[in-house]
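J.: File name structure19.txt; file contents compact mmCIF, C-alpha atoms; full text below.
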# COMPACT_ATOMS: atom_id res chain seq x y z
CA MET A 1 9.19 14.89 -21.04
CA GLY A 2 11.62 17.79 -20.40
CA ILE A 3 11.50 17.18 -16.64
CA LEU A 4 12.03 13.45 -17.16
CA MET A 5 15.05 14.12 -19.37
CA LYS A 6 16.52 16.51 -16.81
CA ASN A 7 16.03 14.03 -13.96
CA ALA A 8 17.50 11.23 -16.03
CA ILE A 9 20.60 13.25 -16.87
CA VAL A 10 21.12 14.33 -13.25
CA THR A 11 20.66 10.76 -12.07
CA TYR A 12 23.14 9.37 -14.54
CA LEU A 13 25.70 12.08 -13.74
CA ARG A 14 25.88 10.52 -10.29
CA LYS A 15 26.57 7.04 -11.56
CA TRP A 16 29.59 5.38 -13.06
CA GLU A 17 27.34 4.02 -15.80
CA PHE A 18 27.21 7.51 -17.31
CA TRP A 19 30.95 7.58 -17.82
CA ALA A 20 30.90 4.04 -19.16
CA LEU A 21 28.30 5.22 -21.68
CA VAL A 22 30.45 8.21 -22.65
CA GLY A 23 33.36 5.86 -23.16
CA LEU A 24 31.19 3.64 -25.33
CA TYR A 25 30.26 6.57 -27.56
CA PHE A 26 33.90 7.60 -27.89
CA LEU A 27 34.80 4.04 -28.79
CA PHE A 28 32.13 3.83 -31.48
CA GLY A 29 33.12 7.25 -32.75
CA PHE A 30 36.80 6.29 -32.94
CA LEU A 31 36.03 3.02 -34.72
CA TYR A 32 33.84 4.89 -37.20
CA TRP A 33 36.60 7.46 -37.81
CA LEU A 34 39.15 4.66 -38.23
CA ALA A 35 36.94 2.86 -40.75
CA LEU A 36 36.61 6.06 -42.78
CA TYR A 37 40.31 6.83 -42.46
CA ILE A 38 41.46 3.55 -44.01
CA THR A 39 38.98 3.87 -46.88
CA SER A 40 38.66 6.37 -49.66
CA TYR A 41 36.87 8.70 -47.22
CA GLY A 42 40.10 9.37 -45.32
CA ASN A 43 39.62 13.13 -45.51
CA ASN A 44 36.47 12.95 -43.39
CA ASP A 45 36.52 15.68 -40.74
CA ALA A 46 36.69 14.27 -37.18
CA ALA A 47 34.52 17.20 -36.05
CA ASN A 48 31.69 15.81 -38.18
CA ILE A 49 31.92 12.54 -36.28
CA MET A 50 31.74 14.41 -32.97
CA VAL A 51 28.58 16.17 -34.16
CA ASP A 52 27.27 12.83 -35.40
CA TYR A 53 27.63 11.03 -32.06
CA PHE A 54 26.58 14.03 -29.99
CA ILE A 55 23.25 13.98 -31.84
CA LYS A 56 23.01 10.20 -31.33
CA ALA A 57 23.61 10.65 -27.60
CA ILE A 58 20.97 13.38 -27.23
CA LEU A 59 18.41 11.34 -29.20
CA THR A 60 19.12 8.27 -27.09
CA ILE A 61 17.78 9.93 -23.91
CA PRO A 62 14.06 10.10 -24.83
CA PHE A 63 14.19 6.64 -26.45
CA TYR A 64 15.81 5.26 -23.30
CA LEU A 65 13.16 6.89 -21.09
CA ILE A 66 10.41 5.35 -23.19
CA THR A 67 11.90 1.84 -23.12
CA PHE A 68 13.28 1.68 -19.59
CA ARG A 69 10.96 4.03 -17.70
CA LEU A 70 7.62 4.61 -19.43
CA VAL A 71 6.96 1.00 -20.47
CA ARG A 72 9.25 -0.83 -18.06
CA HIS A 73 6.22 -2.73 -16.74
CA TRP A 74 5.73 -4.33 -20.17
CA SER A 75 6.94 -7.86 -20.78
CA ASN A 76 10.39 -8.36 -22.32
CA VAL A 77 8.81 -9.52 -25.58
CA GLN A 78 6.67 -6.38 -25.80
CA ARG A 79 9.58 -4.06 -25.02
CA LEU A 80 11.88 -5.76 -27.52
CA SER A 81 9.14 -5.65 -30.17
CA LEU A 82 8.79 -1.91 -29.55
CA HIS A 83 12.31 -1.41 -30.92
CA VAL A 84 11.02 -2.44 -34.36
CA VAL A 85 9.18 0.90 -34.39
CA LEU A 86 11.59 2.99 -32.34
CA GLY A 87 14.72 1.93 -34.24
CA PRO A 88 13.70 3.30 -37.67
CA LEU A 89 12.28 6.42 -35.99
CA TYR A 90 15.59 7.00 -34.20
CA ALA A 91 17.54 6.61 -37.46
CA PHE A 92 15.21 8.97 -39.33
CA LEU A 93 15.34 11.66 -36.63
CA TRP A 94 19.12 11.42 -36.46
CA GLN A 95 19.47 11.75 -40.24
CA GLN A 96 17.22 14.78 -40.47
CA THR A 97 18.85 16.47 -37.46
CA TYR A 98 22.38 15.73 -38.68
CA TYR A 99 21.65 17.02 -42.18
CA LEU A 100 20.09 20.19 -40.73
CA VAL A 101 23.13 20.85 -38.51
CA GLN A 102 25.61 20.15 -41.29
CA GLU A 103 23.82 22.47 -43.70
CA SER A 104 23.64 25.23 -41.08
CA LEU A 105 27.42 24.90 -40.61
CA GLY A 106 28.00 25.04 -44.37
CA LYS A 107 29.17 21.44 -44.52
CA GLY A 108 28.01 18.65 -46.77
CA HIS A 109 26.46 15.24 -46.20
CA LEU A 110 25.63 12.17 -48.22
CA GLU A 111 23.01 12.62 -50.93
CA GLY A 112 21.03 10.49 -53.33
CA ASN A 113 21.49 6.75 -52.96
CA GLY A 114 24.38 7.38 -50.60
CA SER A 115 22.00 8.71 -47.97
CA PHE A 116 20.95 5.09 -47.44
CA TRP A 117 24.05 4.70 -45.26
CA ASP A 118 22.87 7.53 -43.05
CA ILE A 119 19.84 5.40 -42.22
CA TYR A 120 21.52 2.00 -42.06
CA ILE A 121 24.42 2.98 -39.77
CA PRO A 122 22.31 4.85 -37.14
CA LEU A 123 19.82 1.99 -37.22
CA LEU A 124 22.60 -0.53 -36.63
CA PHE A 125 24.02 1.69 -33.87
CA TYR A 126 20.58 1.93 -32.23
CA PHE A 127 20.13 -1.83 -32.02
CA ILE A 128 23.70 -2.36 -30.77
CA GLN A 129 23.47 0.20 -27.99
CA PHE A 130 19.98 -0.78 -26.85
CA GLY A 131 21.03 -4.43 -27.00
CA LEU A 132 23.81 -3.54 -24.57
CA PHE A 133 21.32 -1.62 -22.40
CA HIS A 134 19.04 -4.66 -22.17
CA LEU A 135 21.97 -6.95 -21.42
CA TYR A 136 23.05 -4.65 -18.61
CA GLU A 137 19.48 -4.53 -17.26
CA TYR A 138 19.36 -8.34 -17.30
CA TYR A 139 22.71 -8.45 -15.49
CA GLN A 140 21.37 -6.09 -12.81
CA GLN A 141 18.23 -8.19 -12.39
CA VAL A 142 20.28 -11.36 -11.96
CA ARG A 143 22.46 -9.63 -9.36
CA GLU A 144 19.35 -8.42 -7.52
CA GLN A 145 17.93 -11.95 -7.52
CA GLU A 146 21.20 -13.28 -6.16
CA ARG A 147 21.22 -10.63 -3.42
CA ASN A 148 17.62 -11.48 -2.50
CA ALA A 149 18.44 -15.20 -2.44
CA ALA A 150 21.44 -14.51 -0.19
CA ALA A 151 19.30 -12.34 2.09
CA LEU A 152 16.68 -15.11 2.28
CA ARG A 153 19.35 -17.67 3.18
CA GLU A 154 20.73 -15.33 5.82
CA SER A 155 17.24 -14.65 7.16
CA ALA A 156 16.45 -18.37 7.22
CA LEU A 157 19.68 -19.10 9.09
CA SER A 158 18.99 -16.30 11.55
CA SER A 159 15.45 -17.59 12.10
CA GLU A 160 16.75 -21.11 12.60
CA LEU A 161 19.30 -19.95 15.18
CA THR A 162 16.65 -17.91 16.95
CA ALA A 163 14.32 -20.89 16.97
CA LEU A 164 17.03 -23.13 18.37
CA LYS A 165 17.71 -20.64 21.17
CA ALA A 166 13.99 -20.37 21.94
CA GLN A 167 13.41 -24.13 21.76
CA LEU A 168 16.00 -25.51 24.15
CA ASN A 169 13.42 -27.94 25.34
CA PRO A 170 9.92 -27.25 23.99
CA HIS A 171 8.60 -30.44 25.55
CA PHE A 172 9.54 -29.06 28.94
CA LEU A 173 7.55 -25.91 28.13
CA TYR A 174 4.50 -27.89 27.01
CA ASN A 175 4.72 -30.17 30.04
CA THR A 176 4.84 -27.08 32.24
CA PHE A 177 1.69 -25.76 30.60
CA ASN A 178 0.00 -29.13 31.15
CA THR A 179 1.09 -29.11 34.80
CA ILE A 180 -0.31 -25.60 35.31
CA SER A 181 -3.54 -26.56 33.55
CA ALA A 182 -3.92 -29.69 35.68
CA SER A 183 -3.40 -27.65 38.85
CA VAL A 184 -6.26 -25.30 38.04
CA PRO A 185 -9.40 -26.15 40.02
CA PRO A 186 -12.39 -27.39 37.98
CA GLU A 187 -14.40 -24.31 38.89
CA GLN A 188 -11.83 -22.18 37.04
CA GLU A 189 -12.30 -23.83 33.67
CA HIS A 190 -11.93 -20.50 31.88
CA THR A 191 -8.40 -20.13 33.22
CA ARG A 192 -7.62 -23.64 32.01
CA GLU A 193 -8.78 -22.66 28.52
CA LEU A 194 -6.55 -19.58 28.55
CA VAL A 195 -3.54 -21.71 29.45
CA ALA A 196 -4.45 -24.06 26.59
CA ASP A 197 -4.65 -21.10 24.18
CA LEU A 198 -1.23 -19.91 25.31
CA SER A 199 0.16 -23.42 24.84
CA ASP A 200 -1.28 -23.47 21.29
CA LEU A 201 0.46 -20.19 20.52
CA PHE A 202 3.85 -21.58 21.44
CA ARG A 203 3.15 -24.82 19.59
CA TYR A 204 2.25 -22.88 16.42
CA GLN A 205 5.41 -20.76 16.71
CA LEU A 206 7.47 -23.94 16.89
CA MET A 207 5.76 -25.34 13.82
CA ALA A 208 6.15 -22.02 11.98
CA SER A 209 9.92 -22.15 12.36
CA LYS A 210 10.00 -25.43 10.42
CA THR A 211 7.81 -24.60 7.41
CA ASP A 212 7.58 -21.87 4.77
CA LEU A 213 3.83 -21.92 4.09
CA VAL A 214 0.71 -22.85 6.01
CA PRO A 215 -3.00 -22.86 5.12
CA LEU A 216 -4.70 -19.56 5.88
CA TYR A 217 -7.09 -21.22 8.32
CA GLU A 218 -4.11 -22.17 10.52
CA GLU A 219 -2.79 -18.62 10.44
CA PHE A 220 -6.24 -17.28 11.29
CA GLY A 221 -6.53 -19.81 14.11
CA PHE A 222 -3.26 -18.59 15.57
CA VAL A 223 -4.40 -14.96 15.32
CA ALA A 224 -7.71 -15.92 16.93
CA ASN A 225 -5.92 -17.50 19.89
CA TYR A 226 -3.69 -14.47 20.25
CA LEU A 227 -6.71 -12.14 20.20
CA THR A 228 -8.51 -14.34 22.73
CA LEU A 229 -5.74 -13.66 25.22
CA GLU A 230 -5.72 -9.94 24.38
CA LYS A 231 -9.49 -9.87 24.82
CA GLU A 232 -8.99 -11.05 28.40
CA ARG A 233 -6.73 -8.07 29.01
CA PHE A 234 -8.87 -5.38 27.36
CA GLY A 235 -12.33 -6.80 27.92
CA ASP A 236 -15.10 -4.79 26.24
CA ARG A 237 -12.56 -2.19 25.10
CA LEU A 238 -11.44 -4.56 22.32
CA GLU A 239 -13.80 -5.42 19.48
CA ILE A 240 -12.62 -8.11 17.05
CA ASP A 241 -13.65 -8.88 13.48
CA LEU A 242 -12.08 -11.88 11.72
CA ASP A 243 -13.32 -12.52 8.19
CA MET A 244 -12.01 -15.58 6.33
CA PRO A 245 -14.33 -16.66 3.47
CA ASP A 246 -14.41 -20.35 2.58
CA ASP A 247 -12.62 -19.81 -0.74
CA THR A 248 -9.56 -18.49 1.13
CA ARG A 249 -9.26 -21.09 3.91
CA ASN A 250 -6.94 -23.46 2.06
CA LEU A 251 -4.73 -20.88 0.38
CA ALA A 252 -1.10 -20.85 1.50
CA VAL A 253 0.48 -17.96 3.41
CA PRO A 254 3.77 -17.53 5.29
CA PRO A 255 3.34 -18.52 8.95
CA MET A 256 3.04 -15.68 11.46
CA ILE A 257 2.74 -13.04 8.73
CA LEU A 258 -0.40 -11.50 10.30
CA GLN A 259 0.45 -11.58 14.02
CA PRO A 260 2.96 -8.66 13.99
CA LEU A 261 0.36 -6.49 12.25
CA VAL A 262 -2.34 -7.48 14.72
CA GLU A 263 -0.01 -6.85 17.66
CA ASN A 264 0.87 -3.44 16.21
CA ALA A 265 -2.82 -2.58 15.80
CA ILE A 266 -3.49 -3.37 19.46
CA ARG A 267 -0.35 -1.76 20.87
CA HIS A 268 -0.53 1.49 18.89
CA GLY A 269 -4.16 1.63 17.85
CA ILE A 270 -6.21 0.37 20.80
CA ALA A 271 -4.12 0.26 23.97
CA HIS A 272 -3.94 4.04 24.43
CA GLN A 273 -7.61 4.67 23.61
CA ILE A 274 -9.79 5.18 26.68
CA ASP A 275 -12.78 3.68 24.89
CA GLY A 276 -10.70 1.05 23.16
CA GLY A 277 -11.57 0.24 19.59
CA LYS A 278 -11.88 -2.37 16.89
CA VAL A 279 -9.26 -4.60 15.25
CA TRP A 280 -10.11 -6.47 12.09
CA VAL A 281 -8.37 -9.06 9.93
CA HIS A 282 -9.94 -9.70 6.51
CA ALA A 283 -9.05 -12.05 3.67
CA ARG A 284 -10.36 -11.84 0.11
CA LYS A 285 -9.61 -13.99 -2.91
CA LYS A 286 -9.51 -11.85 -6.05
CA PRO A 287 -8.26 -12.43 -9.63
CA ASP A 288 -4.92 -10.75 -8.88
CA GLY A 289 -4.21 -12.67 -5.66
CA LEU A 290 -5.06 -13.22 -2.01
CA HIS A 291 -5.79 -9.83 -0.40
CA LEU A 292 -5.06 -9.62 3.33
CA GLU A 293 -5.61 -6.60 5.54
CA VAL A 294 -5.25 -5.74 9.21
CA GLY A 295 -6.85 -2.55 10.47
CA ASP A 296 -7.81 -0.74 13.64
CA THR A 297 -9.83 2.26 14.76
CA GLY A 298 -6.97 3.86 16.68
CA PRO A 299 -5.44 7.32 16.18
CA GLY A 300 -3.94 6.46 12.79
CA PHE A 301 -0.53 7.33 11.42
CA ASN A 302 -0.59 11.10 11.56
CA GLN A 303 -2.42 11.88 14.78
CA ASN A 304 -0.95 12.53 18.22
CA GLY A 305 2.53 12.13 16.80
CA ASP A 306 2.13 8.34 16.93
CA THR A 307 2.77 6.49 13.70
CA ASN A 308 1.96 2.84 13.46
CA GLY A 309 4.65 2.40 10.81
CA ASN A 310 7.59 1.92 13.19
CA GLY A 311 8.79 -1.23 14.88
CA ILE A 312 10.83 -4.35 14.38
CA GLY A 313 7.77 -6.50 13.72
CA LEU A 314 6.55 -4.30 10.88
CA ALA A 315 10.03 -4.00 9.38
CA ASN A 316 10.48 -7.77 9.46
CA THR A 317 7.06 -8.32 7.90
CA GLN A 318 7.88 -5.90 5.08
CA LYS A 319 11.22 -7.62 4.54
CA ARG A 320 9.64 -11.08 4.45
CA LEU A 321 7.02 -10.02 1.93
CA GLN A 322 9.61 -8.31 -0.27
CA LEU A 323 12.14 -11.15 -0.23
CA GLU A 324 9.74 -14.09 -0.48
CA PHE A 325 7.12 -12.70 -2.86
CA GLY A 326 8.38 -9.32 -4.13
CA VAL A 327 5.27 -7.55 -2.78
CA GLU A 328 4.93 -4.41 -0.67
CA LEU A 329 3.24 -3.87 2.67
CA HIS A 330 0.90 -0.90 2.18
CA GLN A 331 -0.22 1.35 5.02
CA GLU A 332 -2.85 4.07 5.02
CA ASP A 333 -5.16 6.03 7.27
CA VAL A 334 -8.84 5.09 7.29
CA ALA A 335 -11.87 7.29 7.95
CA PRO A 336 -13.00 8.53 10.37
CA LYS A 337 -9.89 7.36 12.25
CA GLY A 338 -7.58 4.41 12.35
CA CYS A 339 -5.02 2.78 10.10
CA LEU A 340 -4.85 -0.14 7.72
CA PHE A 341 -2.07 -2.49 6.62
CA SER A 342 -2.62 -4.54 3.49
CA PHE A 343 -0.76 -6.73 1.03
CA VAL A 344 -1.51 -9.13 -1.81
CA LEU A 345 -0.04 -12.64 -2.04
CA PRO A 346 -0.10 -14.92 -5.09
CA ILE A 347 -2.77 -17.61 -5.13
CA ILE A 348 -1.04 -20.75 -3.81
CA PRO A 349 -3.28 -23.71 -2.90
CA ALA A 350 -2.09 -25.33 0.32
CA ASP A 351 -1.46 -29.06 0.46
CA ILE A 352 -3.32 -29.74 3.68
CA GLY A 353 -1.80 -33.23 3.95
CA ASN A 354 1.63 -31.72 4.49
CA HIS A 355 0.53 -29.48 7.32
CA HIS A 356 -0.45 -30.36 10.85
CA ALA A 357 -3.02 -27.94 12.18
CA SER A 358 -1.84 -26.62 15.49
CA ALA A 359 -4.21 -23.71 16.05
CA LYS A 360 -7.83 -24.02 17.01
CA THR A 361 -9.94 -22.80 14.12
CA SER A 362 -13.06 -22.95 16.26
CA ALA A 363 -11.78 -19.89 18.11
CA ALA A 364 -11.84 -17.93 14.86
CA ARG A 365 -15.48 -18.82 14.30
CA GLU A 366 -16.38 -17.86 17.86
CA MET A 367 -14.78 -14.44 17.46
CA GLY A 368 -17.00 -13.18 14.70
CA GLN A 369 -16.06 -14.58 11.30
CA LYS A 370 -18.29 -13.10 8.59
CA HIS A 371 -18.99 -15.14 5.48
Rewrite the coordinates I just gave you, this time as structure tokens.

T.:
Amino acid sequence: MGILMKNAIVTYLRKWEFWALVGLYFLFGFLYWLALYITSYGNNDAANIMVDYFIKAILTIPFYLITFRLVRHWSNVQRLSLHVVLGPLYAFLWQQTYYLVQESLGKGHLEGNGSFWDIYIPLLFYFIQFGLFHLYEYYQQVREQERNAAALRESALSSELTALKAQLNPHFLYNTFNTISASVPPEQEHTRELVADLSDLFRYQLMASKTDLVPLYEEFGFVANYLTLEKERFGDRLEIDLDMPDDTRNLAVPPMILQPLVENAIRHGIAHQIDGGKVWVHARKKPDGLHLEVGDTGPGFNQNGDTNGNGIGLANTQKRLQLEFGVELHQEDVAPKGCLFSFVLPIIPADIGNHHASAKTSAAREMGQKH
């Protein structure tokens, strides 16, 4: 608790909120002195009030740490209900501390029935100041939500502009693919299939720029097509494991949320390995959400000076997850070697009627789905 108090004080000394809080205490102290001055207690020593509010300020620190640090993950109702216990405790501790200090200084304090006011006033002060703390916290949360909403709008606009630049004439691109495919001799059917896979990738990217969520099976189909093309490049050096259980197929995910992670796994995890390695993409439906992970058996984050945590694709993926769902992209090393990216999305059933499947899900099954 001592370390927490020290860190809290140092942190607040660097913020303007600390000085606003000091001003608030001076204001309350002045108003209290003024109230005593215009009553029969006009001879009250101002130094006593300074001692009074200094003790209140010191006592506020641990109560603040409890409410806004230790149990900040509690619901608002639980945290507000906690004040029913903390408020009287705060008032009691202040009274006992204040009386002890006053007596040690040879000064008096209220006694008998009058000591009731030395419980009532600190209790009232406690609820006023913590009410202001909670209001300020709510204000900060609203501002953060507004900033996130603005960032999402900016990101959406940027994505739309990028899509427009990349889609000057998508029909021309598709027609070109069809022309190339038609020019391939029948005996090279495998090449024709690769061209079709590449065409599907571009078609999915176009669709992804126009929608916020897609069924997981479409996202897995896109990843499967992408890995099919990579498999042609690496051959037996690339082992693939796609695992999409039936209970996850129709859950909604952001389009192209997995591809940057898969591309990173191949580029940093497999490409530089002489013997290649394995890339896996797994989905699991659990009580707390849809768990998605992309891993590889490459050198990992901390070997050979090569960290998989750098790159525009990863940064954009982290930003998308944070802005759209408020979740983090986790990364870790795996034994005996390799790295793993994972995140958890909320369970959102996809309305399949509003989506037009553009990726071939049969490719996912052919590449080793495990049910």

J.: Pick the closest to A:Leu329 from A:Ile257, A:Val84, A:Ala156, A:Ala265: which is it, counting all atoms listed in the file?

T.: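 So, comparing all the options, the nearest one is A:Ile257.
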
J.: Have a look at A:Ser155, A:Glu232, A:Gly313, A:Leu123 and name the one nearest to A:Glu263; count all atoms listed in the file.

T.: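 Closest candidate: A:Gly313.
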
J.: Between atom CA of A:Tyr138 and atom CA of A:Arg153, what is the spacing in Å?

T.: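 About the pair atom CA of A:Arg153 and atom CA of A:Tyr138: they are 22.5 Å apart.
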
J.: Here is a test: counting all atoms listed in the file, which residue of A:Leu132, A:Arg79, A:Thr297, A:Leu314 is nearest to A:Ala335?

T.: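 Counting all atoms listed in the file, the residue closest to A:Ala335 is A:Thr297.
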
J.: Near stretch 266-272 of chain A, counting only C-alpha atoms, which residues have an atom at most 6 Å away, once you skip same-chain residues fewer than 4 positions from it, shown as JSON, numbers by chain?

T.: {"A": [276, 277, 298]}

J.: Rounded to one decimal in Å, what is the spacing between atom CA of A:Phe343 and atom CA of A:Glu328?

T.: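 Separation between atom CA of A:Phe343 and atom CA of A:Glu328: 6.4 Å.
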
J.: How many Å separate atom CA of A:Ile128 from atom CA of A:Gln102?

T.: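 Those two atoms sit 24.9 Å apart.
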
J.: Tell me, as a list in words, which residues lie within 10 Å of stretch 259-262 of chain A, counting only C-alpha atoms; anything in the same chain fewer than 6 positions away does not count.

T.: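 Once the adjacent positions are removed, what remains is Glu219, Phe220, Phe222, Val223, Ala224, Tyr226, Leu227, Gly269, Val279, Trp280, Val281, Glu293, Val294, Gly295, Asp296, Asn308, Gly309, Gly311, Ile312, Gly313, Leu314, Ala315, Asn316, Thr317, Leu340, Phe341 and Ser342 of chain A.
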